$ cat entry.pdb   # PDB, C-alpha atoms, pLDDT in the B column
MODEL        1
ATOM      1  CA  VAL A 261       0.082   1.944  15.610  1.00 95.00           C
ATOM      2  CA  GLN A 262      -2.737   3.828  13.883  1.00 97.00           C
ATOM      3  CA  LEU A 263      -2.776   4.289  10.124  1.00 98.00           C
ATOM      4  CA  GLN A 264      -4.603   6.902   8.084  1.00 97.00           C
ATOM      5  CA  ALA A 265      -4.649   6.819   4.296  1.00 97.00           C
ATOM      6  CA  SER A 266      -5.346   9.947   2.277  1.00 98.00           C
ATOM      7  CA  GLY A 267      -4.953  11.386  -1.187  1.00 98.00           C
ATOM      8  CA  GLY A 268      -7.697   9.578  -3.038  1.00 98.00           C
ATOM      9  CA  GLY A 269     -10.078  11.253  -5.436  1.00 98.00           C
ATOM     10  CA  LEU A 270     -11.842  11.194  -8.772  1.00 98.00           C
ATOM     11  CA  VAL A 271      -9.547  11.248 -11.793  1.00 98.00           C
ATOM     12  CA  GLN A 272      -9.632  10.339 -15.462  1.00 98.00           C
ATOM     13  CA  ALA A 273      -7.948   7.373 -17.055  1.00 98.00           C
ATOM     14  CA  GLY A 274      -4.283   8.115 -17.627  1.00 98.00           C
ATOM     15  CA  ASP A 275      -4.020  10.530 -14.708  1.00 98.00           C
ATOM     16  CA  SER A 276      -1.832  10.156 -11.620  1.00 98.00           C
ATOM     17  CA  LEU A 277      -2.471  10.242  -7.882  1.00 98.00           C
ATOM     18  CA  ARG A 278      -0.259   9.945  -4.844  1.00 98.00           C
ATOM     19  CA  LEU A 279      -1.678   8.301  -1.768  1.00 98.00           C
ATOM     20  CA  SER A 280      -0.196   8.834   1.677  1.00 98.00           C
ATOM     21  CA  CYS A 281      -0.414   6.638   4.751  1.00 98.00           C
ATOM     22  CA  ALA A 282       0.411   8.527   7.927  1.00 98.00           C
ATOM     23  CA  ALA A 283       1.228   6.466  10.999  1.00 97.00           C
ATOM     24  CA  SER A 284       0.838   7.518  14.612  1.00 97.00           C
ATOM     25  CA  GLY A 285       1.334   5.895  17.968  1.00 96.00           C
ATOM     26  CA  ASP A 286       4.636   4.256  17.074  1.00 95.00           C
ATOM     27  CA  SER A 287       7.540   4.657  14.691  1.00 94.00           C
ATOM     28  CA  ILE A 288       7.177   2.566  11.551  1.00 93.00           C
ATOM     29  CA  ASN A 289      10.927   2.435  10.956  1.00 92.00           C
ATOM     30  CA  THR A 290      10.968  -1.327  11.525  1.00 91.00           C
ATOM     31  CA  TYR A 291       7.521  -2.118  10.149  1.00 95.00           C
ATOM     32  CA  HIS A 292       6.860  -3.736   6.803  1.00 96.00           C
ATOM     33  CA  MET A 293       4.203  -1.637   5.074  1.00 97.00           C
ATOM     34  CA  ALA A 294       1.734  -2.494   2.349  1.00 97.00           C
ATOM     35  CA  TRP A 295      -1.142  -1.250   0.257  1.00 98.00           C
ATOM     36  CA  PHE A 296      -4.254  -3.263  -0.503  1.00 98.00           C
ATOM     37  CA  ARG A 297      -7.393  -2.279  -2.353  1.00 98.00           C
ATOM     38  CA  GLN A 298     -10.990  -3.394  -2.401  1.00 98.00           C
ATOM     39  CA  ALA A 299     -13.427  -2.761  -5.207  1.00 96.00           C
ATOM     40  CA  PRO A 300     -17.197  -3.095  -4.664  1.00 92.00           C
ATOM     41  CA  GLY A 301     -18.230  -6.723  -4.496  1.00 95.00           C
ATOM     42  CA  LYS A 302     -14.652  -7.987  -4.618  1.00 97.00           C
ATOM     43  CA  GLU A 303     -12.132  -9.337  -2.166  1.00 97.00           C
ATOM     44  CA  ARG A 304      -9.444  -7.079  -0.776  1.00 97.00           C
ATOM     45  CA  GLU A 305      -6.370  -7.560  -2.933  1.00 98.00           C
ATOM     46  CA  PHE A 306      -2.685  -6.847  -2.613  1.00 98.00           C
ATOM     47  CA  VAL A 307      -1.260  -3.829  -4.448  1.00 98.00           C
ATOM     48  CA  ALA A 308       2.252  -3.116  -3.162  1.00 98.00           C
ATOM     49  CA  ALA A 309       4.559  -3.609  -0.195  1.00 97.00           C
ATOM     50  CA  ILE A 310       7.806  -2.165   1.081  1.00 96.00           C
ATOM     51  CA  ARG A 311      10.054  -3.854   3.617  1.00 94.00           C
ATOM     52  CA  TRP A 312      11.366  -1.999   6.611  1.00 90.00           C
ATOM     53  CA  GLY A 313      14.667  -0.465   5.597  1.00 81.00           C
ATOM     54  CA  GLY A 314      13.081   0.328   2.242  1.00 74.00           C
ATOM     55  CA  THR A 315      15.456  -1.972   0.398  1.00 78.00           C
ATOM     56  CA  SER A 316      12.824  -4.093  -1.294  1.00 93.00           C
ATOM     57  CA  THR A 317       9.438  -3.463  -2.825  1.00 96.00           C
ATOM     58  CA  TYR A 318       6.825  -5.834  -4.221  1.00 96.00           C
ATOM     59  CA  TYR A 319       3.938  -5.217  -6.585  1.00 97.00           C
ATOM     60  CA  ALA A 320       0.904  -6.974  -7.912  1.00 97.00           C
ATOM     61  CA  ASP A 321       1.216  -7.837 -11.592  1.00 97.00           C
ATOM     62  CA  SER A 322      -1.711  -5.564 -12.372  1.00 97.00           C
ATOM     63  CA  VAL A 323       0.142  -2.444 -11.150  1.00 98.00           C
ATOM     64  CA  GLN A 324       3.759  -3.345 -11.881  1.00 98.00           C
ATOM     65  CA  GLY A 325       5.409  -0.536 -13.826  1.00 98.00           C
ATOM     66  CA  ARG A 326       2.632   1.955 -13.050  1.00 98.00           C
ATOM     67  CA  PHE A 327       2.632   2.177  -9.235  1.00 98.00           C
ATOM     68  CA  THR A 328       5.544   2.890  -6.910  1.00 98.00           C
ATOM     69  CA  THR A 329       5.564   2.633  -3.145  1.00 98.00           C
ATOM     70  CA  SER A 330       8.062   4.464  -0.958  1.00 96.00           C
ATOM     71  CA  ARG A 331       8.524   5.436   2.654  1.00 95.00           C
ATOM     72  CA  ASP A 332       9.762   8.448   4.596  1.00 95.00           C
ATOM     73  CA  ASN A 333      10.566   7.203   8.063  1.00 92.00           C
ATOM     74  CA  ALA A 334      11.326  10.717   9.291  1.00 94.00           C
ATOM     75  CA  LYS A 335       7.707  11.620   8.506  1.00 97.00           C
ATOM     76  CA  ASN A 336       6.371   8.229   9.608  1.00 97.00           C
ATOM     77  CA  THR A 337       4.616   8.027   6.268  1.00 97.00           C
ATOM     78  CA  VAL A 338       4.349   5.626   3.357  1.00 97.00           C
ATOM     79  CA  TYR A 339       3.366   6.650  -0.161  1.00 98.00           C
ATOM     80  CA  LEU A 340       1.809   5.052  -3.198  1.00 98.00           C
ATOM     81  CA  GLN A 341       2.462   6.895  -6.446  1.00 98.00           C
ATOM     82  CA  MET A 342      -0.069   5.768  -9.031  1.00 98.00           C
ATOM     83  CA  ASN A 343       0.513   6.642 -12.682  1.00 98.00           C
ATOM     84  CA  SER A 344      -1.381   5.758 -15.843  1.00 98.00           C
ATOM     85  CA  LEU A 345      -4.482   5.029 -13.850  1.00 98.00           C
ATOM     86  CA  LYS A 346      -7.126   2.768 -15.351  1.00 98.00           C
ATOM     87  CA  PRO A 347     -10.835   2.391 -14.555  1.00 97.00           C
ATOM     88  CA  GLU A 348     -10.067  -1.039 -13.086  1.00 97.00           C
ATOM     89  CA  ASP A 349      -7.917   0.677 -10.450  1.00 98.00           C
ATOM     90  CA  THR A 350     -11.101   2.068  -8.912  1.00 98.00           C
ATOM     91  CA  ALA A 351     -11.281   0.873  -5.302  1.00 98.00           C
ATOM     92  CA  VAL A 352     -10.861   1.835  -1.690  1.00 98.00           C
ATOM     93  CA  TYR A 353      -7.145   1.766  -0.933  1.00 98.00           C
ATOM     94  CA  HIS A 354      -5.970   0.687   2.512  1.00 98.00           C
ATOM     95  CA  CYS A 355      -2.539   0.744   4.061  1.00 98.00           C
ATOM     96  CA  ALA A 356      -1.354  -1.970   6.421  1.00 98.00           C
ATOM     97  CA  ALA A 357       1.584  -2.538   8.749  1.00 97.00           C
ATOM     98  CA  ASP A 358       3.433  -5.563  10.082  1.00 96.00           C
ATOM     99  CA  ALA A 359       5.395  -5.086  13.284  1.00 93.00           C
ATOM    100  CA  THR A 360       7.820  -7.961  12.844  1.00 86.00           C
ATOM    101  CA  THR A 361      11.433  -7.167  12.121  1.00 80.00           C
ATOM    102  CA  ARG A 362      12.239 -10.430  10.375  1.00 85.00           C
ATOM    103  CA  PHE A 363      12.157 -10.749   6.604  1.00 87.00           C
ATOM    104  CA  TYR A 364       9.815 -13.062   4.764  1.00 88.00           C
ATOM    105  CA  GLY A 365       9.760 -14.783   1.443  1.00 87.00           C
ATOM    106  CA  ARG A 366       8.292 -12.704  -1.348  1.00 88.00           C
ATOM    107  CA  SER A 367       4.841 -14.294  -1.271  1.00 92.00           C
ATOM    108  CA  ALA A 368       4.237 -13.399   2.363  1.00 94.00           C
ATOM    109  CA  TYR A 369       4.185  -9.700   1.640  1.00 95.00           C
ATOM    110  CA  SER A 370       1.083 -10.066  -0.504  1.00 95.00           C
ATOM    111  CA  ARG A 371      -0.967 -11.911   2.111  1.00 96.00           C
ATOM    112  CA  LYS A 372      -3.487 -10.002   4.216  1.00 96.00           C
ATOM    113  CA  SER A 373      -2.724 -12.254   7.167  1.00 95.00           C
ATOM    114  CA  THR A 374       0.853 -10.960   7.324  1.00 96.00           C
ATOM    115  CA  TYR A 375      -0.260  -7.535   8.518  1.00 96.00           C
ATOM    116  CA  ASP A 376      -1.206  -6.663  12.070  1.00 95.00           C
ATOM    117  CA  TYR A 377      -2.565  -3.153  11.613  1.00 97.00           C
ATOM    118  CA  TRP A 378      -4.932  -1.668   9.078  1.00 97.00           C
ATOM    119  CA  GLY A 379      -6.065   1.844   8.401  1.00 94.00           C
ATOM    120  CA  GLN A 380      -9.297   3.186   7.042  1.00 92.00           C
ATOM    121  CA  GLY A 381      -9.104   3.509   3.332  1.00 95.00           C
ATOM    122  CA  THR A 382      -9.213   6.291   0.802  1.00 98.00           C
ATOM    123  CA  GLN A 383     -11.435   6.101  -2.260  1.00 98.00           C
ATOM    124  CA  VAL A 384      -9.870   6.208  -5.712  1.00 98.00           C
ATOM    125  CA  THR A 385     -12.234   6.481  -8.661  1.00 98.00           C
ATOM    126  CA  VAL A 386     -10.932   6.431 -12.218  1.00 98.00           C
ATOM    127  CA  SER A 387     -13.332   7.419 -14.970  1.00 97.00           C
ATOM    128  CA  SER A 388     -12.916   6.275 -18.550  1.00 94.00           C
TER     129      SER A 388
ENDMDL
END

$ encode --input "entry.pdb" --output "structure tokens"
Amino acid sequence: VQLQASGGGLVQAGDSLRLSCAASGDSINTYHMAWFRQAPGKEREFVAAIRWGGTSTYYADSVQGRFTTSRDNAKNTVYLQMNSLKPEDTAVYHCAADATTRFYGRSAYSRKSTYDYWGQGTQVTVSS
């Protein structure tokens, strides 16, 4: 499967953005999907994940209550709605996919090693 993130841009603190991750090459209906981000000079870090079936979502503490991930399997797309953006949210945002159909414990969804496929990212810059 190929993944393409879009929707990034330059916004001010407090603004909102919605990122999209469009998949091609396979249906993501039974893929776990996730968002990670990487700021300059920092490690790539977990942001959010959604299990296949869309019944469960997971978030990093730093975005809990501000970001929401969702999926539209009919469009083969995953979304990340980002509200109340902060300058520390500035990063390149990547989407990722895991082809397994089994469910993991919560912690597994935040590990980069869980995911088999990665897309090129989209830049989000939040000015203060």

$ resolve_selection --input "entry.pdb" --expression "the PyMOL selection byres ((chain A and resi 383) around 9)" --output "JSON list (two decimals) with C-alpha atoms, in the coordinates of the input"
[["chain", "number", "residue", "atom", "x", "y", "z"],
["A", 266, "SER", "CA", -5.35, 9.95, 2.28],
["A", 267, "GLY", "CA", -4.95, 11.39, -1.19],
["A", 268, "GLY", "CA", -7.70, 9.58, -3.04],
["A", 269, "GLY", "CA", -10.08, 11.25, -5.44],
["A", 270, "LEU", "CA", -11.84, 11.19, -8.77],
["A", 350, "THR", "CA", -11.10, 2.07, -8.91],
["A", 351, "ALA", "CA", -11.28, 0.87, -5.30],
["A", 352, "VAL", "CA", -10.86, 1.84, -1.69],
["A", 353, "TYR", "CA", -7.14, 1.77, -0.93],
["A", 381, "GLY", "CA", -9.10, 3.51, 3.33],
["A", 382, "THR", "CA", -9.21, 6.29, 0.80],
["A", 384, "VAL", "CA", -9.87, 6.21, -5.71],
["A", 385, "THR", "CA", -12.23, 6.48, -8.66]]

$ resolve_selection --input "entry.pdb" --expression "the PyMOL selection byres ((chain A and resi 378) around 8)" --output "VMD selection string"
chain A and resid 262 to 263 354 to 357 375 to 377 379 to 380

$ residues_near_point --input "entry.pdb" --point "(8.6, -2.1, -0.5)" --cutoff "8 Å" --atoms "all atoms listed in the file" --output "list in words"
His292, Met293, Ala294, Ala308, Ala309, Ile310, Arg311, Trp312, Gly314, Thr315, Ser316, Thr317, Tyr318, Thr329 and Ser330 of chain A

$ atom_distance --input "entry.pdb" --atom1 "CA of Ser388 in chain A" --atom2 "CA of Lys372 in chain A"
29.5 Å

$ closest_residue --input "entry.pdb" --among "A:Asp349, A:Glu303, A:Asp358, A:Asp332" --to "Val386 in chain A" --atoms "only C-alpha atoms"
A:Asp349

$ resolve_selection --input "entry.pdb" --expression "the PyMOL selection byres ((chain A and resi 290) around 8)" --output "NGL selection string"
:A and (287-289 or 291-292 or 312-313 or 359-361)

$ residues_around --input "entry.pdb" --residues "Thr328 in chain A" --least-positions-apart "5" --cutoff "9 Å" --atoms "all atoms listed in the file" --output "PyMOL selection string"
chain A and resi 308+317+319+323+339-343

$ atom_distance --input "entry.pdb" --atom1 "CA of Ala282 in chain A" --atom2 "CA of Asn336 in chain A"
6.2 Å

$ atom_distance --input "entry.pdb" --atom1 "CA of Ser344 in chain A" --atom2 "CA of Ala283 in chain A"
27.0 Å
